[in-house]
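Chemist: Take a look at the following structure, please.
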Amino acid sequence: MTESGTNVGTVATMVPPPAALPDVLPTDRLNDRGKPTRALRDELRRFSDARSALTVIGCLLQTFGVVVAAAWLHTWWSYLLAFVLMGRGHVCLNILGHEAAHRLLFTNRAANDAVGRWLLSYPTFSPMLAYRRAHFAHHRDEMGPEEPDAALYAGYPIPRDSWHRKLRRDATGVSAVKIFRGLLRSLRRGQAEARYILAVHVVLLATSIVFMRPLAYVVWFVSWSTIWRVLNRLRAIAEHGGMVRSRDRRETTHVVHQSPLARFWMVPYHTGWHLAHHVDMGVPWRNLPRLHAELVDSGWVVEAIEYPSYRAFWRACSSG
């Protein structure tokens with residue numbers, strides 16, 4: 001993919017040019033919008049409760065476990081290391097919370113929602129039920145009139161100084177303050193999920209105080225307010241920044257090559273195969289690479305629309 005946007009009318013976008021979007025569908029395995037046909041779809045949509053349970057346990061060990069270990073060591077460097085690692089930790093919690101919002105963690109809906117809300121989403125200030133409603137609107141019509149994140153994705157590519165200002169606001173906690181103000185407004189209106197989020201964080205803070213390690217909660221809170229906010233913007237813009245409303249999801253969702261480093265820090269649990277996720281949002285995270293491979297094998301996703309790295313994408317999105 002080239003490192004510059006294209007133009008739709010007079011508006012700069014990051015949509016691939018028509019010549020890079022081959023008209024090769026449907027096939028015997030994919031319909032005209034890239035969605036798997038029945039037999040393949042049934043195969044790709046299967047997931048295991050046992051494997052999901054192991055994944056959630058591993059995620060909790062990498063998040064709560066990191067902070068507990070820092071508190072046990074109780075040294076300046078352990079807290080600093082936990083602060084850095086918890087940036088990734090919040091990514092992991094949020095992405096598995098996203099899976100739960102799609103009801104793709106556990107086949108039992110009550111268990112899926114309980115784990116998704118109380119163990120994954122509320123500890124990261126995310127109201128999962130409200131998020132589910134907004135997020136499904138995003139999937140129904142990306143960049144459409146009900147797109148909940150239209151302001152986040154619009155206007156790319158943008159001038160480099162504007163891009164740096166956005167990242168500075170994230171890194172210094174300014175963006176987080178806006179979110180906390182929204183949470184406070186929700187509390188004043190008596191919204192249930194806002195109260196649940198507050199309750200979870202009161203418990204986390206109280207636990208850290210009881211064990212005489214309040215810095216443990218500070219690490220959790222400040223890492224979410226800074227590093228996570230940066231990582232979240234970097235990932236989100238790489239998913240949809242500068243794209244347009246279209247039936248062809250190659251015009252709504254970017255394709256970025258998945259490197260091991262990016263998958264560790266920013267897009268774990270295969271979330272970087274985001275076009276596949278938007279082609280069929282019922283496919284669980286483990287099978288997204290398989291669906292992506294089907295899209296490539298069909299000739300629908302070609303090298304010309306794939307950015308070679310996230311760094312290449314970020315250069316492109318801030319070169320306007």
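Please note that chains go A, B, ... in the order of the structure tokens, that every chain numbers its residues from 1, and that ligands are numbered from 1 in the order shown.
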When DSSP works through the backbone of this structure, what residues of segment 56-255 of chain A end up as helix (DSSP H, G or I), shown as number ranges by chain?
Modeler: A: 56-73, 76-101, 109-124, 128-140, 150-153, 160-171, 174-188, 192-210, 214-240, 249-251
Chemist: Please produce an output containing C-alpha atoms for each residue in the selection, written as a compact mmCIF listing (two decimals), in the first residue's frame.
Modeler:
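Saved result, result-v3.txt, follows:
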# COMPACT_ATOMS: atom_id res chain seq x y z
CA VAL A 56 -9.21 -15.67 30.01
CA ILE A 57 -7.12 -17.15 32.84
CA GLY A 58 -3.94 -16.38 30.89
CA CYS A 59 -5.13 -12.82 30.30
CA LEU A 60 -5.87 -12.30 34.00
CA LEU A 61 -2.44 -13.65 34.95
CA GLN A 62 -0.83 -11.20 32.50
CA THR A 63 -2.77 -8.24 33.91
CA PHE A 64 -3.72 -8.62 37.56
CA GLY A 65 -0.72 -10.93 37.99
CA VAL A 66 1.72 -8.30 36.75
CA VAL A 67 0.45 -5.74 39.25
CA VAL A 68 0.38 -8.26 42.10
CA ALA A 69 3.97 -9.24 41.32
CA ALA A 70 5.03 -5.58 41.33
CA ALA A 71 3.33 -5.07 44.70
CA TRP A 72 5.01 -8.18 46.13
CA LEU A 73 8.47 -7.01 45.02
CA TRP A 76 10.55 1.31 42.12
CA TRP A 77 11.59 -0.75 39.10
CA SER A 78 8.87 -3.37 39.61
CA TYR A 79 6.20 -0.66 39.60
CA LEU A 80 7.76 0.99 36.55
CA LEU A 81 7.88 -2.33 34.70
CA ALA A 82 4.28 -3.06 35.67
CA PHE A 83 3.25 0.41 34.46
CA VAL A 84 4.72 -0.33 31.02
CA LEU A 85 3.42 -3.90 30.79
CA MET A 86 -0.05 -2.89 31.89
CA GLY A 87 -0.38 -0.83 28.73
CA ARG A 88 -0.45 -4.16 26.93
CA GLY A 89 -2.47 -5.65 29.78
CA HIS A 90 -5.32 -3.23 29.22
CA VAL A 91 -5.18 -4.02 25.51
CA CYS A 92 -5.63 -7.72 26.31
CA LEU A 93 -8.52 -7.10 28.69
CA ASN A 94 -10.29 -4.83 26.24
CA ILE A 95 -9.90 -7.15 23.28
CA LEU A 96 -11.26 -10.15 25.18
CA GLY A 97 -14.02 -7.87 26.47
CA HIS A 98 -14.74 -7.09 22.82
CA GLU A 99 -15.00 -10.84 22.14
CA ALA A 100 -17.45 -11.16 25.01
CA ALA A 101 -19.46 -8.25 23.60
CA ARG A 109 -24.59 -16.34 27.36
CA ALA A 110 -24.84 -15.72 31.09
CA ALA A 111 -21.27 -16.95 31.64
CA ASN A 112 -20.06 -15.04 28.59
CA ASP A 113 -21.52 -11.77 29.86
CA ALA A 114 -20.50 -12.27 33.49
CA VAL A 115 -16.86 -12.89 32.58
CA GLY A 116 -16.88 -10.18 29.93
CA ARG A 117 -18.35 -7.56 32.25
CA TRP A 118 -16.83 -8.21 35.67
CA LEU A 119 -13.41 -9.66 34.86
CA LEU A 120 -12.54 -8.04 31.53
CA SER A 121 -14.48 -4.83 30.85
CA TYR A 122 -15.32 -3.11 34.15
CA PRO A 123 -11.70 -3.27 35.42
CA THR A 124 -10.77 -1.24 32.32
CA MET A 128 -19.71 -3.77 28.13
CA LEU A 129 -23.47 -3.77 27.61
CA ALA A 130 -23.53 -0.16 26.41
CA TYR A 131 -20.43 -0.85 24.33
CA ARG A 132 -22.16 -3.86 22.73
CA ARG A 133 -25.08 -1.72 21.57
CA ALA A 134 -22.82 0.95 20.07
CA HIS A 135 -20.38 -1.54 18.61
CA PHE A 136 -23.08 -3.49 16.79
CA ALA A 137 -24.16 -0.22 15.19
CA HIS A 138 -20.56 0.14 14.02
CA HIS A 139 -20.69 -3.31 12.43
CA ARG A 140 -24.08 -2.85 10.80
CA ALA A 150 -17.21 8.68 13.33
CA ALA A 151 -15.30 11.55 14.95
CA LEU A 152 -12.40 9.23 15.78
CA TYR A 153 -11.97 7.92 12.22
CA ARG A 160 1.67 15.45 11.22
CA ASP A 161 1.52 18.09 13.94
CA SER A 162 -2.20 17.33 14.45
CA TRP A 163 -1.42 13.62 14.73
CA HIS A 164 1.27 14.32 17.32
CA ARG A 165 -1.12 16.53 19.32
CA LYS A 166 -3.67 13.72 19.48
CA LEU A 167 -1.04 11.27 20.72
CA ARG A 168 0.27 13.78 23.29
CA ARG A 169 -3.25 14.23 24.67
CA ASP A 170 -3.51 10.48 25.01
CA ALA A 171 -0.06 10.07 26.56
CA VAL A 174 -6.01 14.51 28.74
CA SER A 175 -8.09 12.05 26.69
CA ALA A 176 -8.67 9.91 29.79
CA VAL A 177 -10.02 12.91 31.71
CA LYS A 178 -12.77 13.30 29.08
CA ILE A 179 -13.74 9.66 29.54
CA PHE A 180 -13.85 10.03 33.33
CA ARG A 181 -16.08 13.09 32.95
CA GLY A 182 -18.44 10.98 30.86
CA LEU A 183 -18.38 8.27 33.53
CA LEU A 184 -19.19 10.87 36.18
CA ARG A 185 -22.16 12.13 34.13
CA SER A 186 -23.38 8.54 33.82
CA LEU A 187 -23.10 8.12 37.60
CA ARG A 188 -25.13 11.27 38.17
CA ALA A 192 -26.23 0.90 36.36
CA GLU A 193 -23.02 0.07 34.50
CA ALA A 194 -21.36 3.26 35.68
CA ARG A 195 -22.13 2.22 39.27
CA TYR A 196 -20.74 -1.27 38.61
CA ILE A 197 -17.52 0.16 37.19
CA LEU A 198 -17.15 2.43 40.21
CA ALA A 199 -17.78 -0.51 42.56
CA VAL A 200 -15.11 -2.64 40.86
CA HIS A 201 -12.53 0.12 41.15
CA VAL A 202 -13.42 0.84 44.77
CA VAL A 203 -12.74 -2.83 45.48
CA LEU A 204 -9.43 -2.74 43.57
CA LEU A 205 -8.30 0.42 45.38
CA ALA A 206 -9.44 -0.85 48.78
CA THR A 207 -7.63 -4.15 48.25
CA SER A 208 -4.39 -2.35 47.42
CA ILE A 209 -4.75 -0.21 50.57
CA VAL A 210 -5.53 -3.21 52.79
CA PRO A 214 -1.72 1.57 47.05
CA LEU A 215 0.89 2.06 44.31
CA ALA A 216 -0.43 -1.12 42.73
CA TYR A 217 -3.75 0.56 41.96
CA VAL A 218 -1.98 3.76 40.90
CA VAL A 219 -0.05 1.72 38.32
CA TRP A 220 -3.28 0.14 37.04
CA PHE A 221 -5.08 3.48 36.82
CA VAL A 222 -2.29 5.62 35.36
CA SER A 223 -1.24 3.02 32.79
CA TRP A 224 -4.82 2.86 31.54
CA SER A 225 -4.99 6.66 31.44
CA THR A 226 -1.81 7.06 29.39
CA ILE A 227 -0.17 4.09 27.64
CA TRP A 228 -3.45 2.31 26.94
CA ARG A 229 -4.99 5.45 25.47
CA VAL A 230 -2.08 5.80 23.04
CA LEU A 231 -2.20 2.12 22.04
CA ASN A 232 -5.96 2.27 21.62
CA ARG A 233 -5.78 5.21 19.22
CA LEU A 234 -2.91 3.70 17.24
CA ARG A 235 -4.88 0.48 16.78
CA ALA A 236 -8.27 2.09 16.11
CA ILE A 237 -6.99 4.45 13.43
CA ALA A 238 -5.15 1.54 11.78
CA GLU A 239 -8.50 -0.24 11.58
CA HIS A 240 -10.74 2.44 10.05
CA ARG A 249 -15.52 -3.64 3.41
CA ARG A 250 -12.15 -3.16 1.75
CA GLU A 251 -13.23 0.51 1.66
Chemist: Would you kindly return, as a ChimeraX atom specification, each protein, DNA or RNA residue with an atom no farther than 12 Å from any atom of Pro260 of chain A, considering only C-alpha atoms and excluding same-chain residues fewer than 3 positions away?
Modeler: /A:257,263-270,272,309-310
Chemist: I need the chosen residues saved as a PDB file, in the first residue's frame, with C-alpha atoms.
Modeler:
ATOM      1  CA  HIS A 257       0.665  -6.841   7.958  1.00  0.00           C
ATOM      2  CA  ARG A 263       0.734  -8.616  17.946  1.00  0.00           C
ATOM      3  CA  PHE A 264       2.413  -8.611  21.365  1.00  0.00           C
ATOM      4  CA  TRP A 265       1.977  -4.935  22.253  1.00  0.00           C
ATOM      5  CA  MET A 266      -1.065  -3.695  20.396  1.00  0.00           C
ATOM      6  CA  VAL A 267      -3.082  -6.334  18.540  1.00  0.00           C
ATOM      7  CA  PRO A 268      -3.004  -9.590  20.543  1.00  0.00           C
ATOM      8  CA  TYR A 269      -5.654 -12.274  20.107  1.00  0.00           C
ATOM      9  CA  HIS A 270      -5.545 -11.876  16.297  1.00  0.00           C
ATOM     10  CA  GLY A 272      -5.152  -7.169  13.764  1.00  0.00           C
ATOM     11  CA  SER A 309       3.659  -2.501   8.885  1.00  0.00           C
ATOM     12  CA  TYR A 310       1.811  -0.348  11.393  1.00  0.00           C
TER      13      TYR A 310
END
Chemist: Would you kindly return, as a compact mmCIF listing (two decimals) with C-alpha atoms, in the first residue's frame, each protein, DNA or RNA residue with an atom no farther than 12 Å from any atom of Leu44 of chain A, considering only C-alpha atoms and excluding same-chain residues fewer than 6 positions away?
Modeler:
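This went into out_11.txt:
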# COMPACT_ATOMS: atom_id res chain seq x y z
CA ARG A 29 -16.43 -20.54 -0.43
CA LYS A 35 -18.56 -13.72 3.96
CA PRO A 36 -17.99 -17.48 4.12
CA THR A 37 -20.66 -19.69 2.62
CA ARG A 38 -22.60 -22.00 4.92
CA LEU A 104 -17.76 -15.26 21.25
CA ALA A 276 -11.80 -10.55 8.37
CA HIS A 277 -13.58 -9.56 11.59
CA ASP A 280 -17.98 -11.88 9.42
CA MET A 281 -18.26 -10.61 12.98
CA GLY A 282 -19.45 -14.04 14.13
CA VAL A 283 -16.02 -15.59 13.64
CA PRO A 284 -14.13 -15.87 16.97
CA TRP A 285 -10.63 -14.46 17.30
CA ARG A 286 -8.83 -17.79 16.91
CA ASN A 287 -10.18 -18.27 13.38
CA LEU A 288 -9.67 -14.77 11.98
CA PRO A 289 -6.30 -15.67 10.36
CA ARG A 290 -8.01 -18.57 8.58
CA LEU A 291 -10.75 -16.32 7.25
CA HIS A 292 -8.15 -13.75 6.19
CA GLU A 294 -9.51 -17.40 2.50
Chemist: Measure the distance from atom CA of Ser319 of chain A to atom CA of Thr13 of chain A in Å and round it to one decimal.
Modeler: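 Separation between atom CA of Ser319 of chain A and atom CA of Thr13 of chain A: 11.6 Å.
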